[in-house]
Amino acid sequence: MKIRLSLTTQIAAALVLAIIAGVLLQGHPGFVNEFIKPFGTIFLNLLKFIVVPLVLFSIMAGILSMNDMSKLGKLGLRAVLYFAFTTVIAVTLGLVVSTLVKGWIPTINLHIEKTGEDVTMPEVTFMDQLINMFPDNILTPLSSMAMIQVIITAIMFGVAMVHVGEKGEPARKLVLSLNEVVGKVLSYIMAMAPVGVFCMLTPVVVNNGPSVLGSYAVLVALAYSCFLLHVLCVYSPLVYFLGGLSPLRFLKEMQPALLFAFSSDSSVATLPYSMECTEKMGVDKSVGSFVLSLGATINMDGVAIYLGATSVFMATCCGIDLTINQYLAIAFAATVASVGTPGIPGGSLALMAMVFSSANIPVECVAVAAGIDRIIDMGRTVMSVTGDASCAVVMQKRVNKPEQPNTDK
């Protein structure tokens, strides 16, 4: 009798084997980086390769399946408000919890040396962010993986095909056909997931080792505690009360996506798994593809928590007592920065300097945080993917809810 293991079991087994192999190969980083890591890179490259066409055609196909365009506008607005709400709570949670345990944070010699030159971050205004959302070239967003521009491109062409009507039918059939083809290519790539996960995670264990936690164990524990609290106290109630779904079933169905998110630490690369998992929970493909793609671009609750908690942690290590104004500055900067964080490994480091400088925390602390960024980035990605999926479940409930009749005479 042939036993077929589920994708969740295969990925979980790959995670365990990667940790074991990483420990056993501690003394052979050259071998691992030369012969194992490249296959993980190939798998991640294939996922990045399919993400842009997946988002582009799935969103257009989703729009084409919606007869009422007003529903699309409502869905987008509700999703953005949902993400904004959870992000604000995430930043607040990171700041509050890290402040409460501040007395247990050990004094760490960070060995920060000034380079003699101040690190300056380009000032990005709200209007700059708004302008950057709209592409000036149709090919640039596709080649650079500027996901929010890809989403806007897909929405514009999808809506146009609906409004053109009969003359747009050939384009409509082509998009729906290409969407099916992309889905099939995706299934080929997903079949390689267990091998890809093993080859991505083994080098992380080998290069960092069990001692990677070291003196930063408190920061790691702090970050993961905040992640867990956010899932239990924010996502679970929202899924239950607004989505009408048991949190236990939600987390169980999301296991394949969350395991892959943990190993790849890329919310963009996890999109295919998230879409498959939410469909099993009853989320329509058109709703899921739109909300999850949007969430992978603008919803980074894990990053928001981490930026808040790390700011307080580094300030405490440097002997800085944060004022109310500094807390507010961190909260604002972390919220804005989390929205602009690319959904790729290490994406938050690029914006951490902005958050630190806003509260007069030494920018050089970014280099210190980078030492364990990959370990925490795994948890951050799981958080963000969970948040995207919770929004999809809630939005599906809103879409299914019948509109109240207008009783105005």
# chains A, B, ... in the order shown; residues from 1 in each chain; ligands from 1
call {"tool": "closest_atom_pairs", "arguments": {"of": "stretch 275-349 of chain A", "to": "stretch 240-262 of chain A", "cutoff": "9 Å", "atoms": "only C-alpha atoms", "output": "JSON lines"}}
result
{"residue": "A:Met275", "atom": "CA", "partner": "A:Ala257", "partner_atom": "CA", "distance": 8.8}
{"residue": "A:Glu276", "atom": "CA", "partner": "A:Ala257", "partner_atom": "CA", "distance": 8.5}
{"residue": "A:Cys277", "atom": "CA", "partner": "A:Met254", "partner_atom": "CA", "distance": 5.6}
{"residue": "A:Thr278", "atom": "CA", "partner": "A:Met254", "partner_atom": "CA", "distance": 7.4}
{"residue": "A:Lys280", "atom": "CA", "partner": "A:Glu253", "partner_atom": "CA", "distance": 7.2}
{"residue": "A:Met281", "atom": "CA", "partner": "A:Glu253", "partner_atom": "CA", "distance": 7.1}
call {"tool": "write_last_selection", "arguments": {"atoms": "N, CA and C atoms", "output": "PDB file, in the first residue's frame"}}
result
ATOM      1  N   MET A 275      -3.163  31.262  -1.047  1.00  0.00           N
ATOM      2  CA  MET A 275      -4.359  31.199  -1.889  1.00  0.00           C
ATOM      3  C   MET A 275      -5.005  29.813  -1.813  1.00  0.00           C
ATOM      4  N   GLU A 276      -4.173  28.783  -1.861  1.00  0.00           N
ATOM      5  CA  GLU A 276      -4.699  27.417  -1.803  1.00  0.00           C
ATOM      6  C   GLU A 276      -5.359  27.124  -0.463  1.00  0.00           C
ATOM      7  N   CYS A 277      -4.724  27.585   0.624  1.00  0.00           N
ATOM      8  CA  CYS A 277      -5.261  27.327   1.975  1.00  0.00           C
ATOM      9  C   CYS A 277      -6.575  28.066   2.213  1.00  0.00           C
ATOM     10  N   THR A 278      -6.660  29.323   1.798  1.00  0.00           N
ATOM     11  CA  THR A 278      -7.887  30.095   2.022  1.00  0.00           C
ATOM     12  C   THR A 278      -9.044  29.554   1.185  1.00  0.00           C
ATOM     13  N   LYS A 280      -9.614  26.457   0.646  1.00  0.00           N
ATOM     14  CA  LYS A 280     -10.124  25.321   1.418  1.00  0.00           C
ATOM     15  C   LYS A 280     -11.031  25.786   2.553  1.00  0.00           C
ATOM     16  N   MET A 281     -10.874  27.039   2.991  1.00  0.00           N
ATOM     17  CA  MET A 281     -11.717  27.588   4.060  1.00  0.00           C
ATOM     18  C   MET A 281     -12.953  28.279   3.509  1.00  0.00           C
TER      19      MET A 281
END
call {"tool": "residues_around", "arguments": {"residues": "A:Phe39", "least_positions_apart": "5", "cutoff": "9 Å", "atoms": "only C-alpha atoms", "output": "list in words"}}
result
Leu44, Val195, Gly196, Cys199 and Met200 of chain A
call {"tool": "residues_around", "arguments": {"residues": "A:Ala160", "least_positions_apart": "5", "cutoff": "10 Å", "atoms": "only C-alpha atoms", "output": "ChimeraX atom specification"}}
result
/A:60,63-64,154-155,165,168
call {"tool": "write_last_selection", "arguments": {"atoms": "N, CA and C atoms", "output": "mmCIF file, in the first residue's frame"}}
result
data_model
loop_
_atom_site.group_PDB
_atom_site.id
_atom_site.type_symbol
_atom_site.label_atom_id
_atom_site.label_comp_id
_atom_site.auth_asym_id
_atom_site.auth_seq_id
_atom_site.Cartn_x
_atom_site.Cartn_y
_atom_site.Cartn_z
ATOM 1 N N MET A 60 -6.810 39.989 -12.385
ATOM 2 C CA MET A 60 -7.637 40.312 -13.556
ATOM 3 C C MET A 60 -8.769 39.291 -13.712
ATOM 4 N N ILE A 63 -11.435 40.017 -11.160
ATOM 5 C CA ILE A 63 -12.266 41.164 -11.542
ATOM 6 C C ILE A 63 -13.264 40.759 -12.629
ATOM 7 N N LEU A 64 -12.783 39.961 -13.579
ATOM 8 C CA LEU A 64 -13.663 39.520 -14.668
ATOM 9 C C LEU A 64 -14.806 38.651 -14.164
ATOM 10 N N ALA A 154 -3.044 45.440 -12.898
ATOM 11 C CA ALA A 154 -4.039 44.378 -13.074
ATOM 12 C C ALA A 154 -5.454 44.919 -12.911
ATOM 13 N N ILE A 155 -5.651 45.777 -11.916
ATOM 14 C CA ILE A 155 -6.981 46.348 -11.672
ATOM 15 C C ILE A 155 -7.438 47.190 -12.858
ATOM 16 N N GLY A 165 -16.785 45.458 -22.716
ATOM 17 C CA GLY A 165 -17.896 44.580 -23.082
ATOM 18 C C GLY A 165 -17.540 43.560 -24.137
ATOM 19 N N GLY A 168 -14.124 43.377 -25.760
ATOM 20 C CA GLY A 168 -13.042 42.925 -24.904
ATOM 21 C C GLY A 168 -13.074 41.423 -24.640
#
call {"tool": "residues_around", "arguments": {"residues": "A:Thr87", "least_positions_apart": "2", "cutoff": "7 Å", "atoms": "only C-alpha atoms", "output": "list in words"}}
result
Phe83, Ala84, Phe85, Ile89, Ala90, Val91, Asp301, Ala304 and Thr335 of chain A
call {"tool": "residues_around", "arguments": {"residues": "A:Tyr188", "least_positions_apart": "5", "cutoff": "12 Å", "atoms": "only C-alpha atoms", "output": "ChimeraX atom specification"}}
result
/A:43,46-47,50,181-183,193,272
call {"tool": "atom_distance", "arguments": {"atom1": "atom CA of A:Val382", "atom2": "atom CA of A:Ser274"}}
result
10.9 Å
call {"tool": "residues_around", "arguments": {"residues": "A:Ala296", "least_positions_apart": "2", "cutoff": "6 Å", "atoms": "only C-alpha atoms", "output": "ChimeraX atom specification"}}
result
/A:267-268,293-294
call {"tool": "write_last_selection", "arguments": {"atoms": "N, CA and C atoms", "output": "PDB file, in the first residue's frame"}}
result
ATOM      1  N   SER A 267       6.763  36.720   2.323  1.00  0.00           N
ATOM      2  CA  SER A 267       5.307  36.702   2.202  1.00  0.00           C
ATOM      3  C   SER A 267       4.873  36.675   0.745  1.00  0.00           C
ATOM      4  N   VAL A 268       5.691  37.265  -0.133  1.00  0.00           N
ATOM      5  CA  VAL A 268       5.369  37.246  -1.568  1.00  0.00           C
ATOM      6  C   VAL A 268       5.478  35.827  -2.117  1.00  0.00           C
ATOM      7  N   SER A 293      -2.991  39.257  -2.393  1.00  0.00           N
ATOM      8  CA  SER A 293      -1.976  39.998  -3.151  1.00  0.00           C
ATOM      9  C   SER A 293      -1.793  41.396  -2.579  1.00  0.00           C
ATOM     10  N   LEU A 294      -2.907  42.023  -2.240  1.00  0.00           N
ATOM     11  CA  LEU A 294      -2.838  43.349  -1.620  1.00  0.00           C
ATOM     12  C   LEU A 294      -2.140  43.274  -0.266  1.00  0.00           C
TER      13      LEU A 294
END
call {"tool": "closest_residue", "arguments": {"among": "A:Ile330, A:Val206, A:Ile131, A:Leu100", "to": "A:Val32", "atoms": "only C-alpha atoms"}}
result
A:Val206
call {"tool": "select_by_dssp", "arguments": {"residues": "stretch 167-214 of chain A", "states": "alpha helix (DSSP H)", "output": "MDAnalysis selection string"}}
result
chainID A and resid 169:190 193:208
call {"tool": "write_last_selection", "arguments": {"atoms": "C-alpha atoms", "output": "mmCIF file, in the first residue's frame"}}
result
data_model
loop_
_atom_site.group_PDB
_atom_site.id
_atom_site.type_symbol
_atom_site.label_atom_id
_atom_site.label_comp_id
_atom_site.auth_asym_id
_atom_site.auth_seq_id
_atom_site.Cartn_x
_atom_site.Cartn_y
_atom_site.Cartn_z
ATOM 1 C CA GLU A 169 -14.167 39.276 -25.043
ATOM 2 C CA PRO A 170 -11.006 38.005 -26.851
ATOM 3 C CA ALA A 171 -8.812 39.670 -24.202
ATOM 4 C CA ARG A 172 -11.020 38.232 -21.463
ATOM 5 C CA LYS A 173 -10.678 34.688 -22.816
ATOM 6 C CA LEU A 174 -6.896 35.138 -23.148
ATOM 7 C CA VAL A 175 -6.542 36.321 -19.537
ATOM 8 C CA LEU A 176 -8.661 33.450 -18.180
ATOM 9 C CA SER A 177 -6.653 30.962 -20.261
ATOM 10 C CA LEU A 178 -3.304 32.389 -19.125
ATOM 11 C CA ASN A 179 -4.541 32.307 -15.521
ATOM 12 C CA GLU A 180 -5.107 28.555 -15.850
ATOM 13 C CA VAL A 181 -1.668 28.067 -17.448
ATOM 14 C CA VAL A 182 0.036 30.021 -14.647
ATOM 15 C CA GLY A 183 -1.818 27.876 -12.124
ATOM 16 C CA LYS A 184 -0.469 24.711 -13.729
ATOM 17 C CA VAL A 185 3.121 26.054 -13.746
ATOM 18 C CA LEU A 186 2.629 26.928 -10.097
ATOM 19 C CA SER A 187 1.617 23.339 -9.294
ATOM 20 C CA TYR A 188 4.896 22.130 -10.799
ATOM 21 C CA ILE A 189 6.881 24.514 -8.571
ATOM 22 C CA MET A 190 4.895 23.669 -5.429
ATOM 23 C CA ALA A 193 8.523 22.658 -1.932
ATOM 24 C CA PRO A 194 9.913 20.062 0.540
ATOM 25 C CA VAL A 195 13.292 19.930 -1.231
ATOM 26 C CA GLY A 196 13.348 23.706 -1.577
ATOM 27 C CA VAL A 197 12.568 24.236 2.115
ATOM 28 C CA PHE A 198 15.333 21.813 3.161
ATOM 29 C CA CYS A 199 17.906 23.502 0.935
ATOM 30 C CA MET A 200 16.920 27.006 2.102
ATOM 31 C CA LEU A 201 16.868 26.302 5.830
ATOM 32 C CA THR A 202 19.946 24.069 6.215
ATOM 33 C CA PRO A 203 22.429 26.876 5.357
ATOM 34 C CA VAL A 204 20.712 29.179 7.873
ATOM 35 C CA VAL A 205 21.314 26.674 10.684
ATOM 36 C CA VAL A 206 24.889 25.966 9.534
ATOM 37 C CA ASN A 207 25.902 29.608 9.128
ATOM 38 C CA ASN A 208 24.314 30.838 12.361
#
call {"tool": "closest_residue", "arguments": {"among": "A:Cys318, A:Ala334, A:Ala191, A:Met300", "to": "A:Phe227", "atoms": "only C-alpha atoms"}}
result
A:Met300
call {"tool": "closest_residue", "arguments": {"among": "A:Phe134, A:Tyr224, A:Phe49, A:Tyr235", "to": "A:Val303", "atoms": "only C-alpha atoms"}}
result
A:Tyr224
